[in-house]
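With mmCIF, C-alpha atoms, pLDDT in the B column; chains and numbers go by the auth columns inside, this is work_28.cif:
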data_protein
loop_
_atom_site.group_PDB
_atom_site.id
_atom_site.type_symbol
_atom_site.label_atom_id
_atom_site.label_comp_id
_atom_site.label_asym_id
_atom_site.label_seq_id
_atom_site.Cartn_x
_atom_site.Cartn_y
_atom_site.Cartn_z
_atom_site.B_iso_or_equiv
_atom_site.auth_seq_id
_atom_site.auth_asym_id
ATOM 1 C CA MET A 1 4.866 -27.177 -20.108 56.00 341 N
ATOM 2 C CA ALA A 2 7.113 -24.165 -19.607 78.00 342 N
ATOM 3 C CA LEU A 3 5.759 -20.746 -20.518 81.00 343 N
ATOM 4 C CA THR A 4 8.075 -17.783 -21.062 84.00 344 N
ATOM 5 C CA PRO A 5 6.500 -14.360 -21.691 86.00 345 N
ATOM 6 C CA LEU A 6 7.769 -12.268 -24.587 85.00 346 N
ATOM 7 C CA HIS A 7 9.047 -8.683 -24.541 87.00 347 N
ATOM 8 C CA ASP A 8 7.438 -6.571 -21.765 86.00 348 N
ATOM 9 C CA ARG A 9 4.976 -9.206 -20.553 91.00 349 N
ATOM 10 C CA VAL A 10 5.001 -10.964 -17.190 92.00 350 N
ATOM 11 C CA LEU A 11 3.381 -14.143 -15.887 91.00 351 N
ATOM 12 C CA VAL A 12 1.603 -13.661 -12.534 91.00 352 N
ATOM 13 C CA ARG A 13 0.192 -16.188 -10.046 90.00 353 N
ATOM 14 C CA PRO A 14 -2.795 -14.402 -8.440 88.00 354 N
ATOM 15 C CA GLN A 15 -3.376 -14.761 -4.709 82.00 355 N
ATOM 16 C CA ALA A 16 -6.316 -16.868 -3.658 72.00 356 N
ATOM 17 C CA ALA A 17 -9.594 -14.988 -3.245 66.00 357 N
ATOM 18 C CA VAL A 18 -10.613 -14.151 0.324 64.00 358 N
ATOM 19 C CA GLU A 19 -12.894 -16.897 1.671 67.00 359 N
ATOM 20 C CA LYS A 20 -13.847 -15.271 4.979 67.00 360 N
ATOM 21 C CA THR A 21 -13.986 -11.725 6.396 65.00 361 N
ATOM 22 C CA ALA A 22 -12.044 -10.644 9.479 69.00 362 N
ATOM 23 C CA GLY A 23 -15.260 -11.019 11.478 73.00 363 N
ATOM 24 C CA GLY A 24 -15.652 -14.650 10.395 72.00 364 N
ATOM 25 C CA ILE A 25 -18.396 -14.239 7.791 74.00 365 N
ATOM 26 C CA ILE A 26 -17.955 -16.694 4.908 74.00 366 N
ATOM 27 C CA ILE A 27 -18.136 -14.987 1.503 71.00 367 N
ATOM 28 C CA PRO A 28 -20.156 -16.895 -1.138 71.00 368 N
ATOM 29 C CA ASP A 29 -18.609 -17.520 -4.568 65.00 369 N
ATOM 30 C CA THR A 30 -20.966 -15.048 -6.238 68.00 370 N
ATOM 31 C CA ALA A 31 -19.799 -12.177 -4.003 62.00 371 N
ATOM 32 C CA LYS A 32 -16.029 -12.801 -4.155 62.00 372 N
ATOM 33 C CA GLU A 33 -13.943 -10.154 -5.837 64.00 373 N
ATOM 34 C CA LYS A 34 -11.106 -10.934 -8.208 69.00 374 N
ATOM 35 C CA PRO A 35 -7.714 -10.712 -6.480 68.00 375 N
ATOM 36 C CA GLN A 36 -5.533 -7.712 -7.292 82.00 376 N
ATOM 37 C CA GLU A 37 -2.304 -9.068 -5.802 87.00 377 N
ATOM 38 C CA GLY A 38 -0.043 -11.793 -7.028 90.00 378 N
ATOM 39 C CA THR A 39 3.465 -13.162 -7.381 91.00 379 N
ATOM 40 C CA ILE A 40 5.461 -12.855 -10.580 92.00 380 N
ATOM 41 C CA VAL A 41 6.392 -16.288 -11.924 91.00 381 N
ATOM 42 C CA ALA A 42 8.313 -15.292 -15.085 90.00 382 N
ATOM 43 C CA VAL A 43 9.247 -12.133 -16.990 91.00 383 N
ATOM 44 C CA GLY A 44 10.047 -11.355 -20.616 88.00 384 N
ATOM 45 C CA ASN A 45 13.324 -9.923 -21.943 87.00 385 N
ATOM 46 C CA GLY A 46 12.183 -6.306 -21.843 86.00 386 N
ATOM 47 C CA LYS A 47 10.512 -3.615 -23.884 86.00 387 N
ATOM 48 C CA ILE A 48 12.023 -2.692 -27.238 85.00 388 N
ATOM 49 C CA ASN A 49 12.211 1.085 -27.678 86.00 389 N
ATOM 50 C CA GLU A 50 12.152 3.074 -30.923 88.00 390 N
ATOM 51 C CA ASP A 51 15.936 2.744 -31.361 89.00 391 N
ATOM 52 C CA GLY A 52 15.720 -1.060 -31.210 86.00 392 N
ATOM 53 C CA LYS A 53 17.348 -1.267 -27.780 90.00 393 N
ATOM 54 C CA VAL A 54 15.892 -3.585 -25.162 87.00 394 N
ATOM 55 C CA LEU A 55 14.926 -1.834 -21.909 88.00 395 N
ATOM 56 C CA PRO A 56 14.961 -4.273 -18.958 88.00 396 N
ATOM 57 C CA LEU A 57 11.822 -4.675 -16.850 88.00 397 N
ATOM 58 C CA ALA A 58 11.563 -3.113 -13.393 87.00 398 N
ATOM 59 C CA VAL A 59 10.066 -6.293 -11.897 89.00 399 N
ATOM 60 C CA LYS A 60 11.553 -9.755 -11.502 89.00 400 N
ATOM 61 C CA ALA A 61 10.364 -13.273 -10.746 89.00 401 N
ATOM 62 C CA GLY A 62 9.313 -13.619 -7.100 90.00 402 N
ATOM 63 C CA ASP A 63 8.101 -10.008 -6.681 90.00 403 N
ATOM 64 C CA GLN A 64 4.719 -9.471 -4.993 93.00 404 N
ATOM 65 C CA VAL A 65 2.764 -7.027 -7.162 92.00 405 N
ATOM 66 C CA LEU A 66 -0.493 -5.076 -7.228 91.00 406 N
ATOM 67 C CA TYR A 67 -2.329 -4.966 -10.567 89.00 407 N
ATOM 68 C CA GLY A 68 -5.688 -3.868 -11.962 85.00 408 N
ATOM 69 C CA LYS A 69 -8.759 -5.897 -11.056 81.00 409 N
ATOM 70 C CA TYR A 70 -9.450 -6.867 -14.660 80.00 410 N
ATOM 71 C CA GLY A 71 -5.880 -6.684 -15.945 81.00 411 N
ATOM 72 C CA GLY A 72 -4.176 -9.470 -17.834 85.00 412 N
ATOM 73 C CA THR A 73 -5.316 -12.525 -19.729 86.00 413 N
ATOM 74 C CA GLU A 74 -6.088 -15.741 -17.900 88.00 414 N
ATOM 75 C CA VAL A 75 -4.081 -18.789 -18.994 89.00 415 N
ATOM 76 C CA VAL A 76 -3.810 -22.321 -17.617 88.00 416 N
ATOM 77 C CA VAL A 77 -0.316 -23.797 -17.305 84.00 417 N
ATOM 78 C CA ASP A 78 -0.001 -27.351 -15.958 84.00 418 N
ATOM 79 C CA GLY A 79 -3.480 -27.076 -14.427 86.00 419 N
ATOM 80 C CA GLU A 80 -2.666 -23.811 -12.609 86.00 420 N
ATOM 81 C CA ASP A 81 -4.555 -20.578 -13.340 88.00 421 N
ATOM 82 C CA LEU A 82 -2.129 -17.748 -14.124 90.00 422 N
ATOM 83 C CA LEU A 83 -2.337 -14.267 -15.654 89.00 423 N
ATOM 84 C CA ILE A 84 -0.182 -12.912 -18.444 93.00 424 N
ATOM 85 C CA MET A 85 -0.008 -9.116 -18.624 91.00 425 N
ATOM 86 C CA ARG A 86 2.161 -6.221 -19.728 90.00 426 N
ATOM 87 C CA GLU A 87 4.470 -4.642 -17.193 89.00 427 N
ATOM 88 C CA SER A 88 2.515 -1.399 -17.609 88.00 428 N
ATOM 89 C CA ASP A 89 -0.584 -3.151 -16.147 89.00 429 N
ATOM 90 C CA ILE A 90 1.259 -3.535 -12.825 90.00 430 N
ATOM 91 C CA TYR A 91 0.655 -0.648 -10.440 91.00 431 N
ATOM 92 C CA ALA A 92 3.171 -1.370 -7.670 91.00 432 N
ATOM 93 C CA VAL A 93 5.601 -3.844 -6.137 91.00 433 N
ATOM 94 C CA ILE A 94 4.638 -4.820 -2.578 89.00 434 N
ATOM 95 C CA SER A 95 7.585 -4.991 -0.172 85.00 435 N
#
Structure encoded using structure tokens:
Amino acid sequence: MALTPLHDRVLVRPQAAVEKTAGGIIIPDTAKEKPQEGTIVAVGNGKINEDGKVLPLAVKAGDQVLYGKYGGTEVVVDGEDLLIMRESDIYAVIS
């Protein structure tokens, strides 16, 4: 199944949660935090402004991004957990 976001929405593959600390301590499932970084899989056409013109998005597929801890809506596509969110929910592009 192919999923294409509409308008100013993007589809993000979150990074895997950290399993172990730098010191080697294994983090149990109940203490893991939701990831805040991910890779953009697909983007919509752009935001439509008041004049009806389409403004292109500042991010593109393949960008590494930083987003809010509880941002986006979880969806499952071909058995893979992804997030769909608005471009405005993305805080930064990681280079």
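Here CA of Thr344 in chain N and CA of Val417 in chain N stand 11.0 Å from one another.
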Who sits within 10 Å of range 382-398 of chain N, only C-alpha atoms, same chain under 6 positions skipped, as a list in words: Leu343, Thr344, Pro345, Leu346, His347, Asp348, Arg349, Val350, Leu351, Val352, Arg353, Ile424, Met425, Arg426, Glu427, Ser428 and Val433 of chain N
One-decimal distance in Å that lies between CA of Pro368 in chain N and CA of Asp421 in chain N: 20.1 Å
Spatial sel., origin (-6.2, -17.0, -18.5), limit 8 Å, all atoms listed in the file, listed as a ChimeraX atom specification: /N:412-416,421-424
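One finds CA of Ile434 in chain N at 10.9 Å from CA of Val399 in chain N.
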Shortest interatomic distance to Gly378 in chain N - which of N:Ala356, N:Val405, N:Ile430, N:Ile366, counting only C-alpha atoms: N:Val405
Could you please give me, as a compact mmCIF listing (two decimals) with C-alpha atoms, in the frame of the given file, the residues of protein, DNA or RNA lying at most 10 Å from (-7.1, -3.5, -10.0) in the coordinate frame of the file, considering all atoms listed in the file?
# COMPACT_ATOMS: atom_id res chain seq x y z
CA LYS N 374 -11.11 -10.93 -8.21
CA PRO N 375 -7.71 -10.71 -6.48
CA GLN N 376 -5.53 -7.71 -7.29
CA GLU N 377 -2.30 -9.07 -5.80
CA LEU N 406 -0.49 -5.08 -7.23
CA TYR N 407 -2.33 -4.97 -10.57
CA GLY N 408 -5.69 -3.87 -11.96
CA LYS N 409 -8.76 -5.90 -11.06
CA TYR N 410 -9.45 -6.87 -14.66
CA GLY N 411 -5.88 -6.68 -15.94
CA ASP N 429 -0.58 -3.15 -16.15
CA ILE N 430 1.26 -3.54 -12.82
CA TYR N 431 0.66 -0.65 -10.44
